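Notes to accompany the following structure.
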Amino acid sequence: MLTGTGTVVRITPDEVHLSDPDNYEIINCVGTKFAKSSPFYDSFGIGYSTFSSGPNDIHRIRRGMLNPFFSRQTVLSLESIVHSKADKLINLLNTKLPKHQAVDLHHAFRAISVDVITDYAFGHCYNLLDTEDLGLDFFAMVQGIGPTMWIFQQWPSLRTFALSLPSALVKAMSKPLKQVLNLQAHCLKQVLTVKADMGAGRKSERQSIFEVLLSPQHEGYVVPTPDQIKDEAYSILAAAADTTGNAMTVAAYHVVKNPDMYKKLTAELKAAFPSPDVPLDYLVLEKLPYLTGVVKEGLRLAREVPKPGVTFNGYTVPAGYFVSMSSWIMHQREDYFPDSSKFDPERWFDPKEVRHMDKAFVPFSKGTRGCVGINLAYCELYVTLGTLFRKFKNLKGNELTAEDLVYLDYFSSYHPISATKFHVTA
């Protein structure tokens, strides 16, 4: 069902889609009364996670436990983790490029994302960057499980039925689902190990997210069971698996394919870091205007209504209806991003224009429901892209067609398995 055009579109009998950035501020502001849509978020099957928390009061308590762990201060103190993964990428390029071997940056960037989050949050790195195929099987799992989200959203009873089946039967029916169950079992094993260590008084060298969640520090917080913490761990991992890596792929592809852009970026990085052999400090990187434009363009191109109801752009939406908004649609609005399909780092140079564009720039959402990992993601983007283009001034990229750059929308964005992936050579 589709009624209306433009900024307010009725897409189902009880759901309205909005595209005006002013409405985004209303829905996602701090203290919002808009709760998450249960049918939508229940479809992920991770009901205990902060991400899937429906009531705002429950979300606030759970999010309060995570915020310090992902704060800017904590990220800066652990910046070395990101540098270690970026250095692995550089070593991979230095090993393969002299042999005239292409490097798969599509999967390498995604491997960095997984290795960073598992090292940073779990205290146990998955080391996908060390594998020959850069974790190809892992990302096939992530993409393979994606379509089930839309199915379970429309038919919640099917999700309940699927999750009630014996794990052996589920694993026989679907390889991606089998991999997900194995991964969740691995997360659960990690939680149980950490809980046992805490009970025995054994302290880890660096606190993991599991230790944070097992420690009652906030009023109203109830320490979850290990099985519930598994939901949080899987949510954090899934959120990192294809998002930041995808933004780095988009950014690097456009830089490599545009000699003028490439030249400007490397010149800026060389001026800021005259020696290519020193670590690139994130606090310096984030102040570089051209690199910032590249990062933001990579990000740009890559709830239930409370009583008594609400009005959007002159249309009254009754209480109990669902409202949704798409970051992709907002990022394509010509009134905020002229020539919106163009990758243009320089659009972010004018402070006045930046203030205007920021209203519609929502790669991490906004408000109390915004992405908890935003600080880590930005650190990862700046350090990885900055290091890559400070070290290599003449990378060549393979040709990709428009079809290769198309995304499949499974809440997160995935390139079709059959699409040609972004590779570079010297």
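By order of appearance in the structure tokens: chains A, B, ..., then residues from 1 within every chain, and ligands from 1 in the order shown.
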
Strand (DSSP E or B) per DSSP on the backbone: members of range 225-353 of chain A, as a PyMOL selection string: chain A and resi 304+310-312+315-317+322-325

Find the spatial neighbours of range 279-289 of chain A, counting only C-alpha atoms, within a cut-off of 12 Å - ignore same-chain residues fewer than 3 positions away - and output them as a PyMOL selection string. chain A and resi 72-73+75-84+86-87+264-276+292-296+345-351+354+375-391

Residues within 12 Å of Asn91 in chain A, only C-alpha atoms, excluding chain neighbours under 2 positions, as number ranges by chain: A: 84-89, 93-98, 103, 108, 129-130, 387-388, 391-392

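Shortest atom-to-atom contact with Thr74 in chain A among A:Gly373, A:Asn56, A:His106, A:Ala252: A:Gly373, counting only C-alpha atoms.
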
Hey, what's within 8 Å of Phe210 in chain A if we count only C-alpha atoms and toss same-chain stuff fewer than 5 positions away? As a list in words, please? Phe122, Val191, Val194, Ile229 and Ala233 of chain A

Writing out the chosen residues with C-alpha atoms as a PDB file, in the first residue's frame:
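The new file selection-v3.pdb reads:
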ATOM      1  CA  PHE A 122      35.866  -8.946  23.302  1.00  0.00           C
ATOM      2  CA  VAL A 191      31.049 -14.995  28.399  1.00  0.00           C
ATOM      3  CA  VAL A 194      34.987 -14.380  31.688  1.00  0.00           C
ATOM      4  CA  ILE A 229      24.929 -11.162  27.065  1.00  0.00           C
ATOM      5  CA  ALA A 233      27.872  -9.414  21.882  1.00  0.00           C
TER       6      ALA A 233
END

For Leu213 in chain A, work out the shell of residues within 8 Å, counting only C-alpha atoms and skipping chain neighbours fewer than 3 positions away, then give it as a PyMOL selection string. chain A and resi 65-66+209-210+216+223-224+229

Store the residues picked out above in a file with C-alpha atoms, as a compact mmCIF listing (two decimals), in the first residue's frame.
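Writing done, so here's out11.txt:
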# COMPACT_ATOMS: atom_id res chain seq x y z
CA MET A 65 26.37 0.44 30.71
CA LEU A 66 27.86 0.60 27.21
CA ILE A 209 32.58 -5.74 27.18
CA PHE A 210 31.63 -9.00 28.90
CA PRO A 216 26.20 -4.04 38.28
CA VAL A 223 23.08 -8.28 35.59
CA PRO A 224 22.02 -10.34 32.57
CA ILE A 229 24.93 -11.16 27.07

Out of A:Gly144, A:Pro338, A:Gly367, A:Gly397, which residue has the shortest atom-to-atom distance to Val255 in chain A when counting only C-alpha atoms? A:Gly397

All helix (DSSP H, G or I) residues (DSSP, backbone) inside range 5-72 of chain A, as a PyMOL selection string: chain A and resi 21-28+38-44+56-70+72

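Candidate residues A:Ser167, A:Asn67, A:Asn23, A:Thr50 were compared for distance to Thr7 in chain A, and the nearest is A:Asn23, using only C-alpha atoms.
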
Can you tell me which residues surround Gln179 in chain A at a distance of at most 10 Å, considering only C-alpha atoms, apart from same-chain residues fewer than 2 positions away, and format the answer as a PDB file with N, CA and C atoms, in the first residue's frame?
ATOM      1  N   ASP A 137      34.408 -16.324   4.238  1.00  0.00           N
ATOM      2  CA  ASP A 137      33.332 -17.174   4.745  1.00  0.00           C
ATOM      3  C   ASP A 137      32.519 -16.456   5.823  1.00  0.00           C
ATOM      4  N   PHE A 138      33.192 -15.657   6.636  1.00  0.00           N
ATOM      5  CA  PHE A 138      32.499 -14.903   7.682  1.00  0.00           C
ATOM      6  C   PHE A 138      31.516 -13.915   7.069  1.00  0.00           C
ATOM      7  N   ALA A 140      30.225 -14.010   4.050  1.00  0.00           N
ATOM      8  CA  ALA A 140      29.159 -14.742   3.362  1.00  0.00           C
ATOM      9  C   ALA A 140      28.062 -15.104   4.359  1.00  0.00           C
ATOM     10  N   MET A 141      28.469 -15.431   5.586  1.00  0.00           N
ATOM     11  CA  MET A 141      27.500 -15.718   6.645  1.00  0.00           C
ATOM     12  C   MET A 141      26.662 -14.481   6.961  1.00  0.00           C
ATOM     13  N   VAL A 142      27.333 -13.340   7.135  1.00  0.00           N
ATOM     14  CA  VAL A 142      26.630 -12.100   7.477  1.00  0.00           C
ATOM     15  C   VAL A 142      25.623 -11.743   6.395  1.00  0.00           C
ATOM     16  N   GLY A 144      24.418 -13.833   4.091  1.00  0.00           N
ATOM     17  CA  GLY A 144      23.460 -14.919   3.903  1.00  0.00           C
ATOM     18  C   GLY A 144      22.308 -14.882   4.877  1.00  0.00           C
ATOM     19  N   ILE A 145      22.560 -14.354   6.076  1.00  0.00           N
ATOM     20  CA  ILE A 145      21.505 -14.308   7.090  1.00  0.00           C
ATOM     21  C   ILE A 145      20.618 -13.079   6.916  1.00  0.00           C
ATOM     22  N   LYS A 171      20.834 -26.131  11.527  1.00  0.00           N
ATOM     23  CA  LYS A 171      22.142 -26.117  10.876  1.00  0.00           C
ATOM     24  C   LYS A 171      22.128 -26.890   9.564  1.00  0.00           C
ATOM     25  N   SER A 174      20.265 -24.533   6.763  1.00  0.00           N
ATOM     26  CA  SER A 174      20.844 -23.273   6.285  1.00  0.00           C
ATOM     27  C   SER A 174      22.283 -23.132   6.752  1.00  0.00           C
ATOM     28  N   LYS A 175      23.212 -23.033   5.807  1.00  0.00           N
ATOM     29  CA  LYS A 175      24.616 -22.858   6.177  1.00  0.00           C
ATOM     30  C   LYS A 175      24.850 -21.529   6.899  1.00  0.00           C
ATOM     31  N   PRO A 176      24.309 -20.378   6.388  1.00  0.00           N
ATOM     32  CA  PRO A 176      24.509 -19.121   7.118  1.00  0.00           C
ATOM     33  C   PRO A 176      23.957 -19.169   8.538  1.00  0.00           C
ATOM     34  N   LEU A 177      22.764 -19.774   8.697  1.00  0.00           N
ATOM     35  CA  LEU A 177      22.179 -19.855  10.032  1.00  0.00           C
ATOM     36  C   LEU A 177      23.011 -20.763  10.933  1.00  0.00           C
ATOM     37  N   LEU A 181      24.664 -19.579  14.475  1.00  0.00           N
ATOM     38  CA  LEU A 181      24.491 -20.317  15.731  1.00  0.00           C
ATOM     39  C   LEU A 181      25.840 -20.713  16.325  1.00  0.00           C
ATOM     40  N   ASN A 182      26.771 -21.117  15.465  1.00  0.00           N
ATOM     41  CA  ASN A 182      28.114 -21.460  15.948  1.00  0.00           C
ATOM     42  C   ASN A 182      28.820 -20.232  16.530  1.00  0.00           C
ATOM     43  N   LEU A 183      28.630 -19.086  15.858  1.00  0.00           N
ATOM     44  CA  LEU A 183      29.245 -17.851  16.335  1.00  0.00           C
ATOM     45  C   LEU A 183      28.655 -17.434  17.678  1.00  0.00           C
ATOM     46  N   GLN A 184      27.333 -17.550  17.802  1.00  0.00           N
ATOM     47  CA  GLN A 184      26.692 -17.207  19.067  1.00  0.00           C
ATOM     48  C   GLN A 184      27.134 -18.156  20.186  1.00  0.00           C
ATOM     49  N   ALA A 185      27.325 -19.419  19.841  1.00  0.00           N
ATOM     50  CA  ALA A 185      27.819 -20.383  20.831  1.00  0.00           C
ATOM     51  C   ALA A 185      29.231 -20.007  21.274  1.00  0.00           C
TER      52      ALA A 185
END

List the spatial neighbours of Ala426 in chain A as a PyMOL selection string - criterion: any atom at most 8 Å away, only C-alpha atoms, same-chain residues fewer than 2 positions off excluded. chain A and resi 97-98+100+394-396+424

In Å, with one decimal, what is the gap from CA of Gln101 in chain A to CA of Leu299 in chain A? 28.5 Å

State, in Å with one decimal place, the distance from CA of Leu301 in chain A to CA of Lys342 in chain A. 8.8 Å
